[in-house]
Structures are given as C-alpha cells and as structure tokens.
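Asks: Quick one: the structure is below, and I'll ask about it shortly.
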Amino acid sequence: MAEDILTEALPPVRHWPALDLKGVDFDPVLTDLMREGPVTRIQLPNGEGWAWLVTRHDDVRVVANDPRFSREAVMDQRVTRLAPHFIPTRGAVGFLDPPDHTRLRRSVAAAFTARGVERVRAKSRQVLDGLVDDLLQGGPPADLTATVLSPFPIAVICELMGVPTADRHRMHAWTQLILSSSHGADVSERAKEEMSAYFGKLITDRAGSTGEDVTSLLGAAVGREEVTLEEAVGLTVLLQIGGEAVTNNSGQLFYILMTRPDLVARLRAEPEIRLQAIDELLRYIPHRNAVGLSRIATQDVEIKGVRIRAGDAIYVSYLAANRDPDVFPDPDTIDFSRSPNPHVAFGHGPHYCPGGMLARLESELLVDALLDRIPGLRLAVPPDRVSFRKGALIRGPEALPVMW
C-alpha cells in the first residue's frame, strides 16, 4: 500500500490567483485547468495546502450530490480557499451535511417555493417600478447599478427575509464587507458577527410568529425547538448575502445586453423567449471569482481514473461545468434558442441555491421593466471603461453608466 502511494502520479498543483478580470471575460486560469483534464489540483490565495478541482459537467454534478464528499468536515481542516475567512459559521447550512442540512433547509422551504416567491412578486414589481420612475425622472446619464440593480435585490431579499425597510442600508453595508477579500479577514469577520447579532435578535423576537417571511419562519422553528438559534442565524446570514448576488448577476446581464444590440433587439421583438434567454445568460455569466466552498472526501473515491483519498479537499467549478462542450455545444456562444439547457448556475445537489427561483423572478422583472420602459437604454461609456469590482468574491460591475 505504501509503495502504491509513493508511485501514484498526481497532477501538478496549479496556483490560482483569482485575478480581477475585465467585463465578463472567462477566467484564463480556469480555461487552462479545463484543458489539463477533468480532475486537477489547485492552490488558492488563502488557507493552506492544495485541493482537487473537477470541471466537467457530469463530474461536478456527481461530486455535488455524493454524500461521500462532506461540507461539515471542512470546518475541521485549514483548506486552501479564495476568501480570507470562512463566510458561513460552524453549524450554518453551508457547512452542514444531511440529515441536519435537510432539517434546516426544511424550516424555511415555504419561503422559497413557487408560492413563497410569488408572494413577493407584486411588491417587487412595485418597488422596481418606483426605482425606474426615479431613474427616468433624474434623466441621463445615470448609474444603473446605483439606481436600480443594487437597491432592487436588496429590497426583495429583505422583504423575503422580513428585514424592516429602515435596516436595509445596514444589511447592504455588512454584505459588501463580508463578500470582499480586499479588507482583510478581521473586517469581514466583524461584519459577519454584526449581521449575525442582528439576525439573532430578530429571530428571537419572532419566536412563535405565524409570518411567512424567513426570520418569522425561523423564529417559529426555534420556538418549536426544531432548529437551534445558532443554526437559524447562520442560515439567515447566508441567505441574506446570497440575495445580493442578483445585483452582480444582473449587472453582468445588462452589460452583455448593452454591448450586444442584436440580443436586445431579439428580446424586444420576441418577448416570449425572455425566460429562456435569461436561463442562457445565467449559464454564460461568470458569476464569481474562482470557486466557492469546498468539500472533504470521507473515503477514497475514484473520479475519471483519479483517486481522491479520504481527507482530501475537493472543489467543483459550476462555471466550468456551464462551459462543458460535451453538454453545451459551442459553449462560448450565447444562444437564446439553446434547449435543453441543464446549467448549474445555482449549484446542484443538497446545496442547490434555495434562492434560485427568486433570482429568476428578479431577472425576469428587471428585463421586462428596463427593456420595455426604456427602449433607448445603452451604455454611456465604451464597454472597456465599465469598471468591475476588484478583490470581490462575486463578480459584477461597480457601476453601469447608462443613457437613453
């Protein structure tokens, strides 16, 4: 056995600096890793050691859904990672395995079902209409991110979470610090602690609540002793942060549309294809830098002839899976008629993003409102002058200067 370990050939470890990329450029390091093979090894800027990386669509889905790869075990290892800090806390849903993960997700499932999401549709449209009214009244030029794409998702996720309107600015400020890798671990960790303390009080105050928002559902679940307060707080932090990802995704979406007038013309001429087009854009958009949360192999597992040993860390790349040419012919082309489109933009398996349906709703409302109400919407600067966030875990434009 010892001789087998010594002679087993391992792929080289590739340092992945997670560069600040321009526009919606696909990460060149990830492109190289995809070419090197279905299973490679990486070292990210923070944490320790190296980790496996899988990039093919079928392998990504297998690893994400295989109970032999544990999220919970990550908390006991100093795994190489992109962020300078762990975003979820111990016991949070991001670092739980079934059955605890299933139990915690079940406590808020009602808020993220089709009915739960539809509950906020009318209020979301009302908020969006008001933001577009203000944008039009202010006149061009304007920053679409500051006026619409940032305040809209904040309002929607806070509505779903049950966060009072007066506290939305604080939520946004905390989220930006937590999602940044440029301020250092201490600043990000302090913001996470402050957000956690806020949600701890809100959930406690809503014990026994019959409300349909997330914190009310969790308050009731804590009151029934179905989940602990610590678990509930960890879940709310993750959901709140995830809710603002729509700002970055929609920023990239409209950056693409405003640099591709042919795509916009088709969406205006064929409004019936908009939902399918949004799905294709979600597949294409590089949502994040590098990779998200890792998993730990709890036993030896073989993937494409490579042995992943018990205790090894492993990452999946949903971005790479969405560009797998065996699943998506001509993957670097935006094809609104692509069908089927089994993209994994919202993940796969037990940790599939609970807010996927909500994000689709927000994207649908944004595309309808901005394309229909502002027919002349276009960039106010050349595309290469649009500044994208630096040192962020989630990719997106800092500002989107527009005119009409």
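In the structure tokens, the first chain shown is A, the next is B, and so on; residue numbers restart at 1 for each chain, and ligands run from 1 in the order shown.
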Could you pull the residues within 7 Å of range 287-290 of chain A, counting only C-alpha atoms, minus those fewer than 2 positions along the same chain, as a list in words?
Replies: Ala18, Asn249, Ile285, Leu393, Ile394 and Arg395 of chain A
Asks: Would you give me, as CSV, each residue of range 273-308 of chain A having an atom within 9 Å of an atom of range 36-40 of chain A, along with its shortest atom pair and that distance in Å to one decimal, using only C-alpha atoms and sorting by chain and residue number?
Replies:
residue,atom,partner,partner_atom,distance
A:Ile303,CA,A:Val39,CA,7.5
A:Lys304,CA,A:Pro38,CA,7.1
A:Val306,CA,A:Val39,CA,7.2
Asks: Would you work out the distance separating CA of Ser124 in chain A from CA of Arg389 in chain A, expressed in Å to one decimal?
Replies: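 For CA of Ser124 in chain A relative to CA of Arg389 in chain A, the distance reads 26.0 Å.
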Asks: Extract, using only C-alpha atoms, all DNA, RNA and protein residues at most 9 Å from range 324-337 of chain A, discarding same-chain residues fewer than 3 positions from it, and format them as a JSON list (two decimals) with N, CA and C atoms, in the first residue's frame.
Replies:
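What landed in part30.json:
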[["chain", "number", "residue", "atom", "x", "y", "z"],
["A", 34, "MET", "N", -9.35, 23.47, -17.29],
["A", 34, "MET", "CA", -10.31, 22.65, -18.02],
["A", 34, "MET", "C", -9.62, 21.85, -19.12],
["A", 55, "THR", "N", -14.09, 19.85, -13.18],
["A", 55, "THR", "CA", -14.61, 20.89, -14.06],
["A", 55, "THR", "C", -15.63, 20.39, -15.08],
["A", 56, "ARG", "N", -15.75, 19.08, -15.28],
["A", 56, "ARG", "CA", -16.70, 18.57, -16.27],
["A", 56, "ARG", "C", -18.10, 18.52, -15.67],
["A", 57, "HIS", "N", -19.09, 18.75, -16.50],
["A", 57, "HIS", "CA", -20.47, 18.85, -16.06],
["A", 57, "HIS", "C", -20.93, 17.62, -15.28],
["A", 58, "ASP", "N", -20.65, 16.43, -15.80],
["A", 58, "ASP", "CA", -21.13, 15.22, -15.12],
["A", 58, "ASP", "C", -20.41, 15.00, -13.80],
["A", 263, "LEU", "N", -28.83, 41.04, -29.45],
["A", 263, "LEU", "CA", -29.56, 40.27, -28.44],
["A", 263, "LEU", "C", -30.75, 41.05, -27.91],
["A", 273, "ILE", "N", -39.59, 34.74, -25.56],
["A", 273, "ILE", "CA", -38.38, 33.94, -25.34],
["A", 273, "ILE", "C", -37.55, 34.45, -24.16],
["A", 274, "ARG", "N", -38.04, 35.48, -23.47],
["A", 274, "ARG", "CA", -37.20, 36.13, -22.45],
["A", 274, "ARG", "C", -36.79, 35.18, -21.31],
["A", 276, "GLN", "N", -36.38, 31.94, -21.39],
["A", 276, "GLN", "CA", -35.37, 31.02, -21.92],
["A", 276, "GLN", "C", -34.05, 31.76, -22.12],
["A", 277, "ALA", "N", -34.13, 33.01, -22.57],
["A", 277, "ALA", "CA", -32.92, 33.81, -22.78],
["A", 277, "ALA", "C", -32.21, 34.10, -21.46],
["A", 278, "ILE", "N", -32.98, 34.39, -20.41],
["A", 278, "ILE", "CA", -32.40, 34.64, -19.10],
["A", 278, "ILE", "C", -31.65, 33.41, -18.61],
["A", 279, "ASP", "N", -32.23, 32.22, -18.83],
["A", 279, "ASP", "CA", -31.56, 30.99, -18.44],
["A", 279, "ASP", "C", -30.23, 30.83, -19.17],
["A", 280, "GLU", "N", -30.20, 31.17, -20.46],
["A", 280, "GLU", "CA", -28.96, 31.08, -21.22],
["A", 280, "GLU", "C", -27.93, 32.09, -20.72],
["A", 281, "LEU", "N", -28.38, 33.28, -20.37],
["A", 281, "LEU", "CA", -27.46, 34.29, -19.83],
["A", 281, "LEU", "C", -26.93, 33.85, -18.46],
["A", 283, "ARG", "N", -26.42, 30.81, -17.59],
["A", 283, "ARG", "CA", -25.40, 29.80, -17.89],
["A", 283, "ARG", "C", -24.08, 30.46, -18.27],
["A", 284, "TYR", "N", -24.16, 31.51, -19.05],
["A", 284, "TYR", "CA", -22.97, 32.12, -19.65],
["A", 284, "TYR", "C", -22.21, 33.03, -18.68],
["A", 320, "ALA", "N", -17.12, 26.24, -14.91],
["A", 320, "ALA", "CA", -16.55, 25.34, -15.92],
["A", 320, "ALA", "C", -17.60, 24.37, -16.44],
["A", 321, "ALA", "N", -18.42, 23.84, -15.53],
["A", 321, "ALA", "CA", -19.47, 22.89, -15.93],
["A", 321, "ALA", "C", -20.41, 23.53, -16.94],
["A", 340, "PRO", "N", -32.03, 21.37, -24.71],
["A", 340, "PRO", "CA", -32.18, 21.72, -23.30],
["A", 340, "PRO", "C", -31.00, 22.55, -22.79],
["A", 341, "ASN", "N", -31.15, 23.11, -21.61],
["A", 341, "ASN", "CA", -30.10, 23.94, -21.03],
["A", 341, "ASN", "C", -29.93, 23.57, -19.55],
["A", 342, "PRO", "N", -29.29, 22.43, -19.29],
["A", 342, "PRO", "CA", -29.17, 21.95, -17.90],
["A", 342, "PRO", "C", -28.03, 22.62, -17.13],
["A", 343, "HIS", "N", -28.01, 23.96, -17.15],
["A", 343, "HIS", "CA", -26.91, 24.66, -16.48],
["A", 343, "HIS", "C", -26.98, 24.48, -14.96]]
Asks: So that I can check the surroundings of Leu235 in chain A, please list as a list of chain:residue names every protein, DNA and RNA residue that reaches within 10 Å of it, counting only C-alpha atoms and ignoring chain neighbours fewer than 6 positions away.
Replies: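 Non-adjacent residues within range: A:Pro88, A:Thr89, A:Gly91, A:Ala92, A:Val93, A:Gly94, A:Leu104, A:Arg105, A:Val108, A:Ser196, A:Phe199, A:Val214, A:Thr215, A:Leu218, A:Leu229.
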Asks: Could those residues be written to a file, using C-alpha atoms, as a CSV table (one decimal), in the first residue's frame?
Replies:
chain,number,residue,atom,x,y,z
A,88,PRO,CA,-20.7,30.5,7.0
A,89,THR,CA,-20.1,29.8,10.6
A,91,GLY,CA,-23.4,24.9,12.2
A,92,ALA,CA,-24.6,27.1,9.3
A,93,VAL,CA,-26.4,25.4,6.4
A,94,GLY,CA,-23.4,25.9,4.1
A,104,LEU,CA,-32.5,23.2,8.5
A,105,ARG,CA,-33.4,23.8,4.8
A,108,VAL,CA,-37.5,27.9,5.5
A,196,SER,CA,-25.3,37.6,13.0
A,199,PHE,CA,-30.5,38.3,13.0
A,214,VAL,CA,-37.8,33.8,6.6
A,215,THR,CA,-37.0,35.2,10.0
A,218,LEU,CA,-37.1,30.5,11.7
A,229,LEU,CA,-30.8,29.8,17.3
Asks: Tell me, which residues of range 227-307 of chain A carry DSSP strand (DSSP E), written as a list in words?
Replies: Arg295, Ile296, Ala297, Val301, Glu302, Ile303, Val306 and Arg307 of chain A
Asks: Give one line per residue of range 273-352 of chain A that approaches range 59-79 of chain A to at most 6 Å, naming the two atoms of the closest pair and their distance in Å to one decimal, counting only C-alpha atoms; sort by chain then ascending residue number and deliver it as CSV.
Replies:
residue,atom,partner,partner_atom,distance
A:Arg295,CA,A:Arg71,CA,4.7
A:Ile296,CA,A:Ser70,CA,5.0
A:Ala297,CA,A:Phe69,CA,4.5
A:Thr298,CA,A:Arg68,CA,5.4
A:Val316,CA,A:Val60,CA,5.4
A:His348,CA,A:Ala64,CA,6.0
A:Gly349,CA,A:Asn65,CA,4.4
Asks: Mind the document's chain letters and residue numbers, and return as number ranges by chain the residues of range 5-93 of chain A that DSSP labels helix (DSSP H, G or I).
Replies: A: 5-7, 28-36, 57-65, 72-76, 93
Asks: Which polymer residues have any atom within 9 Å of an atom of range 127-137 of chain A, counting only C-alpha atoms, with same-chain residues fewer than 6 positions away left out, as a list in words?
Replies: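 With the cut-off at 9 Å, the set is Asp143, Leu144, Thr147, Val148, Pro151, Phe152, Ala155, Val156, Leu365, Leu366, Ala369, Leu370, Arg373 and Ile374 of chain A.
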Asks: Do you know which residues are at most 8 Å from Gln299 in chain A counting only C-alpha atoms, after dropping those on the same chain fewer than 6 positions away, and could you put them as a ChimeraX atom specification?
Replies: /A:68,309-311
Asks: Using C-alpha atoms, can you write the selected residues to a file as a PDB file, in the first residue's frame?
Replies:
ATOM      1  CA  ARG A  68     -19.031  10.817   0.499  1.00  0.00           C
ATOM      2  CA  ARG A 309      -8.261   9.988  -0.900  1.00  0.00           C
ATOM      3  CA  ALA A 310     -10.173  10.226   2.353  1.00  0.00           C
ATOM      4  CA  GLY A 311      -9.383  13.589   3.938  1.00  0.00           C
TER       5      GLY A 311
END
Asks: Would you pick out the contacts of Leu253 in chain A at 10 Å or less, using only C-alpha atoms, so that residues sharing its chain but fewer than 2 positions from it are not included, and give the list as a PyMOL selection string?
Replies: chain A and resi 24+246-251+255-258+278+281-282+284-285+363+367+396
